[in-house]
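Colleague: Structure: upload.txt, compact mmCIF, C-alpha atoms and all ligand atoms.
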# COMPACT_ATOMS: atom_id res chain seq x y z
CA MET A 1 22.83 -85.97 -11.68
CA SER A 2 21.85 -82.41 -12.37
CA GLN A 3 18.18 -83.22 -13.05
CA PRO A 4 15.57 -83.39 -10.34
CA PRO A 5 15.63 -87.04 -9.30
CA ASP A 6 12.07 -87.69 -10.34
CA LEU A 7 12.57 -86.81 -14.00
CA ASP A 8 14.06 -90.21 -14.86
CA ALA A 9 11.22 -91.96 -13.07
CA ARG A 10 8.61 -89.87 -14.87
CA LEU A 11 10.18 -90.63 -18.23
CA ALA A 12 10.30 -94.34 -17.42
CA ALA A 13 6.65 -94.34 -16.35
CA GLU A 14 5.69 -92.46 -19.51
CA ILE A 15 7.43 -95.14 -21.64
CA ASP A 16 5.80 -97.98 -19.69
CA ALA A 17 2.40 -96.40 -20.31
CA ARG A 18 3.15 -96.43 -24.05
CA ARG A 19 4.08 -100.12 -24.25
CA ASP A 20 1.00 -101.12 -26.28
CA ASP A 21 1.47 -98.14 -28.55
CA LEU A 22 5.10 -99.15 -29.13
CA ILE A 23 3.97 -102.65 -30.10
CA ALA A 24 1.27 -101.33 -32.43
CA LEU A 25 3.64 -98.85 -34.08
CA THR A 26 6.24 -101.57 -34.70
CA GLN A 27 3.55 -103.82 -36.16
CA ASP A 28 2.29 -101.09 -38.48
CA LEU A 29 5.83 -100.44 -39.77
CA VAL A 30 6.58 -104.14 -40.31
CA ARG A 31 3.30 -104.62 -42.19
CA LEU A 32 4.56 -102.20 -44.85
CA PRO A 33 6.87 -104.56 -46.80
CA THR A 34 9.58 -102.08 -47.77
CA LEU A 35 11.67 -104.71 -49.54
CA ASN A 36 14.97 -103.60 -50.99
CA PRO A 37 15.83 -104.40 -53.68
CA PRO A 38 13.86 -103.09 -55.46
CA GLY A 39 12.59 -100.56 -52.89
CA HIS A 40 8.90 -101.20 -52.31
CA GLN A 41 6.56 -98.81 -50.48
CA TYR A 42 9.14 -96.22 -49.50
CA ARG A 43 6.62 -93.45 -50.09
CA GLU A 44 3.94 -95.24 -48.10
CA ILE A 45 6.13 -95.67 -45.03
CA CYS A 46 7.30 -92.03 -45.24
CA ASP A 47 3.67 -90.87 -45.43
CA TYR A 48 2.84 -93.04 -42.44
CA LEU A 49 5.75 -91.62 -40.42
CA GLU A 50 4.88 -88.06 -41.40
CA ALA A 51 1.32 -88.46 -40.12
CA ARG A 52 2.48 -90.16 -36.94
CA LEU A 53 5.09 -87.54 -36.10
CA ALA A 54 2.84 -84.59 -37.02
CA ALA A 55 0.65 -85.51 -34.06
CA THR A 56 3.51 -84.54 -31.70
CA GLY A 57 4.36 -81.35 -33.57
CA PHE A 58 7.10 -82.63 -35.89
CA THR A 59 7.44 -80.97 -39.29
CA ALA A 60 8.53 -83.41 -41.95
CA GLU A 61 10.35 -83.09 -45.21
CA LEU A 62 9.98 -85.89 -47.73
CA ILE A 63 13.02 -86.07 -49.95
CA ARG A 64 13.32 -88.24 -53.02
CA ALA A 65 16.91 -89.16 -53.89
CA HIS A 66 16.59 -88.36 -57.57
CA GLY A 67 19.28 -89.94 -59.69
CA SER A 68 20.59 -92.22 -56.95
CA PRO A 69 21.23 -95.89 -57.81
CA GLY A 70 17.89 -97.66 -58.27
CA ASP A 71 15.79 -94.51 -58.23
CA SER A 72 13.00 -94.57 -60.82
CA ASP A 73 9.40 -93.45 -61.05
CA ARG A 74 8.44 -97.04 -60.38
CA TYR A 75 10.76 -97.37 -57.39
CA PRO A 76 11.43 -93.86 -56.11
CA ARG A 77 13.95 -93.53 -53.26
CA TRP A 78 11.93 -91.60 -50.66
CA ASN A 79 13.34 -90.43 -47.36
CA ILE A 80 11.78 -88.54 -44.48
CA VAL A 81 13.45 -86.07 -42.14
CA ALA A 82 11.16 -84.83 -39.37
CA ARG A 83 12.15 -82.11 -36.93
CA ARG A 84 10.64 -80.62 -33.83
CA ASP A 85 12.23 -77.53 -32.38
CA GLY A 86 12.14 -76.89 -28.67
CA SER A 87 11.40 -73.57 -27.03
CA ALA A 88 15.01 -72.36 -26.76
CA PRO A 89 18.20 -72.73 -28.76
CA GLY A 90 20.31 -75.80 -28.13
CA ASP A 91 21.70 -78.98 -29.64
CA CYS A 92 19.89 -81.13 -32.16
CA VAL A 93 19.62 -84.85 -31.40
CA HIS A 94 18.97 -86.91 -34.53
CA PHE A 95 17.69 -90.51 -34.63
CA ASN A 96 18.36 -92.11 -38.01
CA SER A 97 16.75 -95.39 -39.01
CA HIS A 98 16.70 -97.10 -42.37
CA ILE A 99 13.25 -97.95 -43.65
CA ASP A 100 14.25 -100.74 -46.03
CA VAL A 101 14.31 -104.45 -45.27
CA VAL A 102 16.03 -107.32 -47.05
CA GLU A 103 14.31 -110.14 -48.90
CA VAL A 104 12.32 -112.69 -46.91
CA GLY A 105 14.18 -115.87 -47.90
CA GLN A 106 13.20 -119.42 -46.99
CA GLY A 107 12.55 -121.15 -43.69
CA TRP A 108 9.92 -119.00 -42.00
CA SER A 109 7.40 -120.46 -39.57
CA LYS A 110 5.71 -117.06 -39.09
CA GLU A 111 4.06 -114.76 -41.59
CA PRO A 112 7.01 -112.56 -42.69
CA PHE A 113 4.98 -109.34 -42.81
CA GLY A 114 2.32 -110.35 -40.27
CA ALA A 115 4.15 -108.79 -37.29
CA VAL A 116 2.51 -111.32 -34.97
CA LEU A 117 3.06 -110.75 -31.25
CA GLU A 118 3.84 -113.98 -29.44
CA GLY A 119 5.56 -114.62 -26.12
CA GLY A 120 6.71 -111.02 -25.76
CA ARG A 121 8.26 -110.95 -29.24
CA ILE A 122 7.14 -109.41 -32.51
CA TYR A 123 8.04 -111.57 -35.50
CA GLY A 124 8.63 -110.44 -39.05
CA ARG A 125 11.11 -109.22 -41.64
CA GLY A 126 12.50 -105.93 -40.42
CA THR A 127 11.34 -106.27 -36.80
CA CYS A 128 14.88 -106.22 -35.42
CA ASP A 129 16.62 -104.69 -38.46
CA MET A 130 15.34 -102.12 -37.85
CA LYS A 131 11.72 -101.08 -37.60
CA GLY A 132 11.67 -102.01 -33.92
CA GLY A 133 14.50 -99.52 -33.38
CA LEU A 134 12.71 -96.87 -35.43
CA ALA A 135 9.50 -97.33 -33.41
CA THR A 136 11.52 -97.25 -30.18
CA SER A 137 13.11 -93.91 -31.05
CA ILE A 138 9.74 -92.42 -31.99
CA VAL A 139 8.06 -93.49 -28.75
CA ALA A 140 11.09 -92.30 -26.76
CA ALA A 141 10.85 -88.87 -28.38
CA GLU A 142 7.08 -88.68 -27.88
CA ALA A 143 7.38 -89.62 -24.21
CA PHE A 144 10.18 -87.11 -23.70
CA ILE A 145 8.16 -84.33 -25.32
CA ALA A 146 5.17 -85.16 -23.11
CA VAL A 147 7.29 -84.91 -19.94
CA CYS A 148 9.60 -82.05 -21.00
CA PRO A 149 7.64 -79.90 -23.46
CA ASP A 150 9.93 -76.90 -22.89
CA TYR A 151 13.17 -78.55 -23.94
CA ARG A 152 16.05 -76.72 -25.61
CA GLY A 153 17.34 -77.43 -29.11
CA ALA A 154 15.66 -79.84 -31.48
CA ILE A 155 14.82 -83.47 -32.07
CA GLU A 156 15.07 -84.98 -35.53
CA ILE A 157 13.85 -88.38 -36.64
CA SER A 158 14.72 -89.63 -40.09
CA GLY A 159 13.65 -92.71 -42.02
CA THR A 160 16.06 -93.32 -44.86
CA ALA A 161 16.19 -95.53 -47.91
CA ASP A 162 18.57 -98.17 -49.18
CA GLU A 163 20.84 -98.82 -46.18
CA GLU A 164 20.84 -102.48 -47.11
CA THR A 165 22.22 -101.63 -50.54
CA GLY A 166 24.80 -99.05 -49.48
CA GLY A 167 22.70 -96.07 -48.43
CA TYR A 168 23.39 -94.00 -51.55
CA GLY A 169 19.72 -93.16 -52.03
CA GLY A 170 19.37 -92.54 -48.30
CA VAL A 171 21.85 -91.18 -45.77
CA ALA A 172 24.59 -90.51 -48.34
CA TYR A 173 22.17 -88.45 -50.43
CA LEU A 174 21.00 -86.47 -47.40
CA ALA A 175 24.53 -86.00 -46.05
CA GLU A 176 25.64 -84.58 -49.39
CA ARG A 177 22.86 -82.03 -49.08
CA GLY A 178 23.83 -80.90 -45.61
CA TYR A 179 21.28 -82.79 -43.53
CA PHE A 180 24.04 -84.09 -41.26
CA ALA A 181 26.20 -80.98 -41.22
CA PRO A 182 27.66 -80.39 -37.74
CA ASP A 183 26.10 -76.94 -37.51
CA LYS A 184 22.67 -78.49 -38.03
CA VAL A 185 22.90 -81.78 -36.14
CA GLN A 186 25.10 -82.33 -33.09
CA HIS A 187 24.28 -85.86 -31.90
CA VAL A 188 23.29 -88.84 -34.05
CA ILE A 189 21.94 -92.16 -32.78
CA ILE A 190 21.30 -94.94 -35.29
CA PRO A 191 18.96 -97.49 -33.63
CA GLU A 192 20.41 -100.54 -35.38
CA PRO A 193 19.92 -103.79 -33.42
CA LEU A 194 23.12 -103.91 -31.40
CA ASN A 195 21.42 -104.89 -28.09
CA LYS A 196 19.99 -102.54 -25.50
CA ASP A 197 23.14 -102.56 -23.37
CA ARG A 198 25.78 -102.00 -26.05
CA ILE A 199 27.04 -98.84 -27.71
CA CYS A 200 28.42 -99.32 -31.19
CA LEU A 201 31.12 -96.73 -31.81
CA GLY A 202 31.76 -97.44 -35.46
CA HIS A 203 32.88 -99.99 -38.00
CA ARG A 204 35.89 -101.29 -39.95
CA GLY A 205 36.69 -100.18 -43.47
CA VAL A 206 35.94 -101.97 -46.73
CA TRP A 207 37.85 -102.37 -49.95
CA TRP A 208 36.37 -104.43 -52.77
CA ALA A 209 38.40 -105.13 -55.85
CA GLU A 210 38.41 -107.43 -58.85
CA ILE A 211 41.63 -109.20 -59.77
CA GLU A 212 41.89 -110.69 -63.23
CA THR A 213 44.60 -112.96 -64.55
CA ARG A 214 45.16 -113.33 -68.29
CA GLY A 215 46.22 -116.31 -70.43
CA ARG A 216 45.84 -117.57 -73.98
CA ILE A 217 43.14 -119.88 -75.28
CA ALA A 218 44.19 -123.19 -76.85
CA HIS A 219 42.87 -126.71 -77.33
CA GLY A 220 42.41 -128.51 -74.01
CA SER A 221 44.22 -131.59 -75.36
CA MET A 222 47.37 -129.49 -75.89
CA PRO A 223 47.35 -127.11 -72.92
CA PHE A 224 51.07 -126.42 -73.41
CA LEU A 225 50.13 -124.47 -76.54
CA GLY A 226 48.06 -122.05 -74.46
CA ASP A 227 48.52 -120.27 -71.17
CA SER A 228 46.02 -120.97 -68.41
CA ALA A 229 44.62 -117.96 -66.61
CA ILE A 230 43.21 -120.36 -64.01
CA ARG A 231 46.69 -121.69 -63.19
CA HIS A 232 47.88 -118.11 -62.83
CA MET A 233 44.98 -117.41 -60.51
CA SER A 234 45.79 -120.52 -58.49
CA ALA A 235 49.20 -118.96 -57.88
CA VAL A 236 47.41 -115.85 -56.61
CA LEU A 237 45.19 -117.93 -54.33
CA HIS A 238 48.21 -119.86 -53.05
CA GLU A 239 49.92 -116.60 -52.17
CA ILE A 240 46.78 -115.34 -50.43
CA GLU A 241 46.64 -118.55 -48.38
CA THR A 242 50.28 -118.84 -47.44
CA TYR A 243 51.41 -115.21 -47.25
CA LEU A 244 48.45 -112.85 -46.94
CA TYR A 245 46.19 -114.65 -44.45
CA PRO A 246 48.94 -115.08 -41.83
CA LEU A 247 49.91 -111.44 -42.36
CA LEU A 248 46.31 -110.23 -41.90
CA ALA A 249 45.90 -112.33 -38.75
CA GLU A 250 48.71 -110.30 -37.19
CA LYS A 251 47.02 -106.99 -37.88
CA ARG A 252 45.01 -106.53 -34.69
CA THR A 253 42.90 -103.53 -33.87
CA ALA A 254 42.19 -101.52 -30.77
CA MET A 255 38.65 -101.14 -32.11
CA PRO A 256 36.33 -103.27 -29.92
CA VAL A 257 34.96 -105.16 -32.94
CA VAL A 258 32.52 -107.99 -32.32
CA PRO A 259 32.61 -110.87 -32.88
CA GLU A 260 36.16 -111.39 -31.67
CA GLY A 261 37.22 -113.04 -34.96
CA ALA A 262 36.70 -109.71 -36.72
CA ARG A 263 39.12 -107.85 -34.42
CA GLN A 264 41.76 -108.11 -37.14
CA SER A 265 42.07 -107.47 -40.86
CA THR A 266 40.10 -109.99 -42.89
CA LEU A 267 39.80 -110.96 -46.52
CA ASN A 268 37.03 -112.86 -48.23
CA ILE A 269 37.09 -114.08 -51.80
CA ASN A 270 33.52 -113.32 -52.79
CA SER A 271 33.59 -115.11 -56.12
CA ILE A 272 35.74 -116.75 -58.75
CA HIS A 273 35.08 -117.08 -62.44
CA GLY A 274 37.40 -118.58 -65.01
CA GLY A 275 37.38 -120.15 -68.45
CA GLU A 276 34.23 -121.03 -70.28
CA ALA A 277 31.04 -119.37 -69.02
CA GLU A 278 28.48 -121.40 -67.09
CA PRO A 279 26.07 -123.08 -69.51
CA GLU A 280 22.75 -121.38 -70.07
CA PRO A 281 19.80 -122.86 -68.19
CA GLY A 282 18.34 -125.75 -70.16
CA PHE A 283 21.59 -126.56 -71.98
CA ASP A 284 22.73 -130.03 -70.95
CA GLY A 285 25.47 -130.63 -73.53
CA PHE A 286 29.20 -130.95 -72.82
CA PRO A 287 31.58 -128.06 -72.36
CA ALA A 288 34.25 -127.49 -75.00
CA PRO A 289 37.91 -128.32 -74.30
CA CYS A 290 39.66 -124.98 -73.97
CA VAL A 291 42.46 -123.44 -71.96
CA ALA A 292 41.08 -120.56 -69.90
CA ASP A 293 42.26 -117.18 -71.11
CA ARG A 294 40.63 -115.19 -68.26
CA CYS A 295 40.08 -115.75 -64.57
CA ARG A 296 38.64 -113.24 -62.14
CA ILE A 297 38.13 -113.07 -58.40
CA ILE A 298 36.36 -110.45 -56.35
CA ILE A 299 37.97 -109.76 -53.02
CA ASP A 300 36.39 -108.17 -49.95
CA ARG A 301 39.12 -106.78 -47.74
CA ARG A 302 38.00 -105.40 -44.36
CA PHE A 303 40.54 -103.07 -42.86
CA LEU A 304 41.16 -101.41 -39.53
CA ILE A 305 41.18 -97.85 -38.31
CA GLU A 306 44.93 -98.32 -37.75
CA GLU A 307 45.41 -99.14 -41.45
CA ASP A 308 45.68 -96.78 -44.37
CA LEU A 309 43.63 -97.65 -47.45
CA ALA A 310 46.47 -96.77 -49.81
CA GLU A 311 48.74 -99.16 -47.91
CA VAL A 312 46.06 -101.89 -47.96
CA LYS A 313 45.98 -101.60 -51.75
CA ALA A 314 49.76 -101.41 -52.01
CA GLU A 315 50.10 -104.61 -49.98
CA MET A 316 47.99 -106.45 -52.55
CA SER A 317 49.87 -104.91 -55.48
CA ARG A 318 53.23 -105.89 -53.98
CA MET A 319 52.00 -109.47 -53.62
CA LEU A 320 50.87 -109.57 -57.25
CA GLU A 321 54.11 -108.02 -58.45
CA ARG A 322 56.06 -110.66 -56.57
CA ILE A 323 54.09 -113.39 -58.37
CA ARG A 324 54.75 -111.65 -61.66
CA ALA A 325 58.48 -111.66 -60.98
CA GLU A 326 58.37 -115.40 -60.30
CA ARG A 327 55.97 -116.62 -63.00
CA PRO A 328 56.83 -116.21 -66.66
CA SER A 329 53.89 -114.83 -68.67
CA PHE A 330 51.90 -113.83 -65.56
CA THR A 331 49.77 -110.81 -66.34
CA TYR A 332 47.02 -109.37 -64.22
CA GLU A 333 44.79 -106.39 -63.76
CA ILE A 334 43.27 -105.11 -60.55
CA ARG A 335 40.19 -102.87 -60.46
CA ASP A 336 38.72 -101.02 -57.50
CA LEU A 337 35.00 -101.65 -57.00
CA HIS A 338 34.06 -100.06 -53.70
CA GLU A 339 35.63 -98.54 -50.62
CA VAL A 340 34.52 -97.34 -47.19
CA ILE A 341 36.79 -95.67 -44.68
CA PRO A 342 36.62 -96.98 -41.08
CA SER A 343 34.66 -94.84 -38.65
CA MET A 344 34.76 -94.72 -34.87
CA ALA A 345 33.33 -92.24 -32.40
CA ASP A 346 35.46 -91.24 -29.47
CA ARG A 347 34.69 -92.98 -26.17
CA ASP A 348 34.47 -89.49 -24.66
CA ALA A 349 32.16 -88.08 -27.34
CA PRO A 350 29.10 -86.41 -25.80
CA VAL A 351 26.57 -88.82 -27.31
CA VAL A 352 28.61 -91.82 -26.13
CA ARG A 353 28.93 -90.56 -22.58
CA THR A 354 25.26 -89.61 -22.39
CA VAL A 355 23.92 -92.90 -23.71
CA ALA A 356 26.32 -94.81 -21.45
CA GLN A 357 25.01 -92.94 -18.42
CA ALA A 358 21.41 -93.63 -19.47
CA ILE A 359 22.14 -97.36 -19.90
CA GLU A 360 23.60 -97.46 -16.40
CA LYS A 361 20.48 -95.82 -14.96
CA VAL A 362 17.95 -97.94 -16.85
CA LEU A 363 19.69 -101.32 -16.81
CA ALA A 364 21.88 -100.92 -13.72
CA ARG A 365 24.96 -102.09 -15.58
CA GLN A 366 27.86 -100.65 -17.50
CA PRO A 367 27.42 -100.68 -21.27
CA ASP A 368 29.65 -102.70 -23.55
CA TYR A 369 31.44 -100.67 -26.21
CA ILE A 370 31.65 -102.41 -29.55
CA CYS A 371 32.39 -101.83 -33.20
CA SER A 372 30.66 -103.51 -36.11
CA PRO A 373 32.55 -105.90 -38.41
CA GLY A 374 30.52 -104.58 -41.36
CA THR A 375 29.51 -101.07 -42.22
CA TYR A 376 26.25 -99.20 -41.86
CA ASP A 377 25.11 -95.63 -42.48
CA GLN A 378 27.55 -94.11 -39.95
CA LYS A 379 30.10 -94.14 -42.82
CA HIS A 380 28.19 -91.45 -44.71
CA ILE A 381 27.51 -89.34 -41.64
CA ASP A 382 31.22 -89.37 -40.81
CA ARG A 383 32.77 -89.03 -44.27
CA ILE A 384 30.26 -86.76 -46.02
CA GLY A 385 28.60 -85.11 -43.05
CA LYS A 386 31.89 -84.70 -41.12
CA LEU A 387 29.99 -85.55 -37.97
CA LYS A 388 31.93 -87.72 -35.51
CA ASN A 389 29.48 -87.57 -32.62
CA CYS A 390 27.52 -90.54 -33.95
CA ILE A 391 26.83 -94.04 -32.64
CA ALA A 392 24.59 -97.00 -33.28
CA TYR A 393 22.42 -97.87 -30.32
CA GLY A 394 19.16 -99.77 -30.39
CA PRO A 395 17.19 -102.80 -29.25
CA GLY A 396 17.34 -106.23 -30.85
CA ILE A 397 19.82 -109.02 -31.42
CA LEU A 398 22.08 -108.44 -34.39
CA ASP A 399 22.39 -112.15 -35.22
CA LEU A 400 18.66 -112.27 -36.00
CA ALA A 401 18.98 -109.65 -38.75
CA HIS A 402 18.30 -111.00 -42.24
CA GLN A 403 17.35 -114.44 -40.77
CA PRO A 404 14.07 -116.35 -41.04
CA ASP A 405 11.72 -115.76 -38.10
CA GLU A 406 13.46 -112.48 -37.28
CA TRP A 407 11.99 -111.00 -34.09
CA ILE A 408 12.35 -108.23 -31.59
CA GLY A 409 11.64 -108.45 -27.87
CA VAL A 410 9.05 -106.01 -26.56
CA GLN A 411 10.83 -105.55 -23.21
CA ASP A 412 14.10 -104.80 -25.04
CA MET A 413 12.32 -102.06 -26.97
CA VAL A 414 10.78 -100.64 -23.80
CA ASP A 415 14.17 -100.60 -22.03
CA SER A 416 15.87 -99.04 -25.03
CA ALA A 417 13.14 -96.39 -25.29
CA LYS A 418 13.88 -95.45 -21.69
CA VAL A 419 17.59 -95.15 -22.48
CA MET A 420 16.79 -92.92 -25.47
CA ALA A 421 14.34 -90.76 -23.51
CA LEU A 422 16.87 -90.28 -20.68
CA THR A 423 19.46 -89.39 -23.29
CA LEU A 424 17.17 -86.71 -24.71
CA ALA A 425 16.52 -85.38 -21.22
CA GLU A 426 20.24 -85.15 -20.46
CA LEU A 427 21.12 -83.44 -23.75
CA LEU A 428 18.09 -81.16 -24.13
CA ALA A 429 16.47 -80.64 -20.74
CA ARG A 430 19.25 -80.75 -18.17
ZN ZN B 501 20.01 -102.43 -40.40
Just dump the structure as structure tokens.

Modeller:
Amino acid sequence: MSQPPDLDARLAAEIDARRDDLIALTQDLVRLPTLNPPGHQYREICDYLEARLAATGFTAELIRAHGSPGDSDRYPRWNIVARRDGSAPGDCVHFNSHIDVVEVGQGWSKEPFGAVLEGGRIYGRGTCDMKGGLATSIVAAEAFIAVCPDYRGAIEISGTADEETGGYGGVAYLAERGYFAPDKVQHVIIPEPLNKDRICLGHRGVWWAEIETRGRIAHGSMPFLGDSAIRHMSAVLHEIETYLYPLLAEKRTAMPVVPEGARQSTLNINSIHGGEAEPEPGFDGFPAPCVADRCRIIIDRRFLIEEDLAEVKAEMSRMLERIRAERPSFTYEIRDLHEVIPSMADRDAPVVRTVAQAIEKVLARQPDYICSPGTYDQKHIDRIGKLKNCIAYGPGILDLAHQPDEWIGVQDMVDSAKVMALTLAELLAR
């Protein structure tokens, strides 16, 4: 430790003294129902954050992601990037949180936007994913500034739109405009709810595609006069079951993905549609007897940092070509829908080492290093911003995200705030 030994204790005491403020801030944020889709109250929450952060000397920029998916005058995609420079040059530490929350859904016993505090937990949509994490990073920064007003470098706190729908009107938009350029920002922490003692280094990759098989329509009483696209698709599904799934199970990764079942390549068939369309609501007549001339599936292939996206696609094409060689009249088309490259910070990256050290001090245990089975905004920071020194670290239990009666534990937020404040001290005030 190069700091005077009492600095950690002073930071911890400063956070403890702000416990009620941390609760109140989280409650205020949750009570702004920033539902996405469609993107409610983005401007309101950015205005709130601007006022809050101005009190500690942050200067905020409010940026609307004009032209991004879903952006309209009715539902503008607002983002906030607030910055506070220290008194000498140095690194910039950036905390990025998404401001949007997913729909409420059924099954709640608590008021979804009431943010009620009960038994040391705050309940509500967005408490754990991730307004609790946003509030935690703000209080950590405020406490750090109070204890170390003469720090070097800069602190940035951003609240960004649309993470739940891909982040194109949020982090991707900002990254494309240089907000995460490595000469501007050196360390990024995304306070997603990965648990206060775990460091999330990155995530697997994603490839979505639509596969369509073709046939010929005919009367259902004489199917031999047509050619069933559904039967062709069943051959595809059979091949996925018997050939592809065993193959994917063998592709293991060195990425520490949790849960354990996701530590390999996976494939989900998101949907299947074939033959006659579903009847319109209110129509209760019979379907017509026809041979299906089209069948489509949408696949969601999650791939590993050890895999190459071009090879992932080629593997699927080879499988389809093999079916074509074996089945007379088999025709298909495959269309790319969406892709994300895997991202993983180095275990030795400065932000990883610093947060790990802070976790050890605050929680008296070694952190777990994990990777996420799904993606989050780190993808944009890595691919567009070219910034590798980025992790997800924040309070809350990931399994509660998007669930009814979502909650965040107050003590988890307090502990995480201490980890974040110690991290700031190590990077900016050592
Ligand atoms: Zn989230």

Colleague: Given a cut-off of 12 Å, what residues near ligand ZN 501 (chain B) show up using only C-alpha atoms and all ligand atoms, put as a PyMOL selection string?

Modeller: chain A and resi 36+96-102+125-134+159-167+190-194+372+374-378+392-402

Colleague: Considering all atoms listed in the file, state which residue in the set A:Arg74, A:Asp21, A:Gly285, A:Gly67 is at the smallest distance from Arg43 in chain A.

Modeller: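 The answer is A:Arg74, which sits nearest to Arg43 in chain A.
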
Colleague: Nearest to Thr56 in chain A: which of A:Ala140, A:Leu11, A:Ile122, A:Thr26 is it, counting all atoms listed in the file?

Modeller: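 Closest residue, counting all atoms listed in the file: A:Ala140.
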
Colleague: In Å, how far is it from CA of Glu118 in chain A to CA of Val419 in chain A?

Modeller: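 Pair CA of Glu118 in chain A / CA of Val419 in chain A returns 24.3 Å.
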
Colleague: Between CA of Ala141 in chain A and CA of Asp20 in chain A, what is the spacing in Å?

Modeller: 15.9 Å

Colleague: Extract, using only C-alpha atoms, all DNA, RNA and protein residues at most 6 Å from Cys200 in chain A, discarding same-chain residues fewer than 5 positions from it, and format them as a PDB file with C-alpha atoms, in the coordinates of the input.

Modeller:
ATOM      1  CA  TYR A 369      31.440-100.670 -26.210  1.00  0.00           C
ATOM      2  CA  ILE A 370      31.650-102.410 -29.550  1.00  0.00           C
ATOM      3  CA  CYS A 371      32.390-101.830 -33.200  1.00  0.00           C
ATOM      4  CA  ILE A 391      26.830 -94.040 -32.640  1.00  0.00           C
ATOM      5  CA  ALA A 392      24.590 -97.000 -33.280  1.00  0.00           C
TER       6      ALA A 392
END

Colleague: What does the distance between CA of Ile408 in chain A and CA of Gly119 in chain A come to in Å, to one decimal place?

Modeller: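 Calculated distance between CA of Ile408 in chain A and CA of Gly119 in chain A is 10.8 Å.
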
Colleague: Could you name the residues that touch Pro342 in chain A at 10 Å or less, counting all atoms listed in the file, but leaving out those on the same chain fewer than 3 positions away, as a list of chain:residue names?

Modeller: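 Counting only the stated atoms, we get A:Gly202, A:His203, A:Arg204, A:Gly205, A:Val206, A:Arg302, A:Phe303, A:Leu304, A:Ile305, A:Glu306, A:Glu307, A:Asp308, A:Leu309, A:Glu339, A:Gly374, A:Thr375, A:Gln378, A:Lys379, A:Asp382, A:Arg383.
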
Colleague: Which of these residues is nearest to Ser234 in chain A, using only C-alpha atoms: A:Ala54, A:Ala13, A:Cys46, A:Ile297?

Modeller: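 Of A:Ala54, A:Ala13, A:Cys46, A:Ile297, the one nearest Ser234 in chain A, counting only C-alpha atoms, is A:Ile297.
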
Colleague: Out of A:Arg121, A:Ile299, A:Ser158, A:Asp91, which residue has the shortest atom-to-atom distance to Lys313 in chain A when counting all atoms listed in the file?

Modeller: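 Counting all atoms listed in the file, the residue closest to Lys313 in chain A is A:Ile299.
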
Colleague: So, with only C-alpha atoms as the atoms that count, which of A:Met233, A:Ala175, A:Ala254, A:Val312 lies closest to His273 in chain A?

Modeller: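 Looking only at the distances to His273 in chain A, the closest residue turns out to be A:Met233.
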
Colleague: Of the candidates A:Phe113, A:Phe330, A:Trp407, A:Tyr168, which one gets nearest to Arg216 in chain A if we count all atoms listed in the file?

Modeller: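 Checking each candidate against Arg216 in chain A, we get A:Phe330 as the closest.
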
Colleague: Find the residues near Thr213 in chain A: any atom within 12 Å, counting all atoms listed in the file, skip ones fewer than 2 places away on the same chain, and give them as a VMD selection string.

Modeller: chain A and resid 210 to 211 215 to 216 227 to 237 272 to 275 292 to 298 320 323 to 324 329 to 335

Colleague: Quick one: everything within 9 Å of Pro38 in chain A, counting only C-alpha atoms, minus sequence neighbours fewer than 4 positions away in the same chain. Send it as a list of chain:residue names.

Modeller: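 Non-adjacent residues within range: A:Thr34, A:Gly70, A:Tyr75.
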
Colleague: Which residues are near Leu424 in chain A? Cut-off 8 Å, all atoms listed in the file, ignore same chain within fewer than 5 positions. Put them as a list in words.

Modeller: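 In the requested form, the answer reads Val93, Ala141, Phe144 and Ala429 of chain A.
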
Colleague: Based on the selection just made, write C-alpha atoms of those residues as a compact mmCIF listing (two decimals), in the coordinates of the input.

Modeller:
# COMPACT_ATOMS: atom_id res chain seq x y z
CA VAL A 93 19.62 -84.85 -31.40
CA ALA A 141 10.85 -88.87 -28.38
CA PHE A 144 10.18 -87.11 -23.70
CA ALA A 429 16.47 -80.64 -20.74
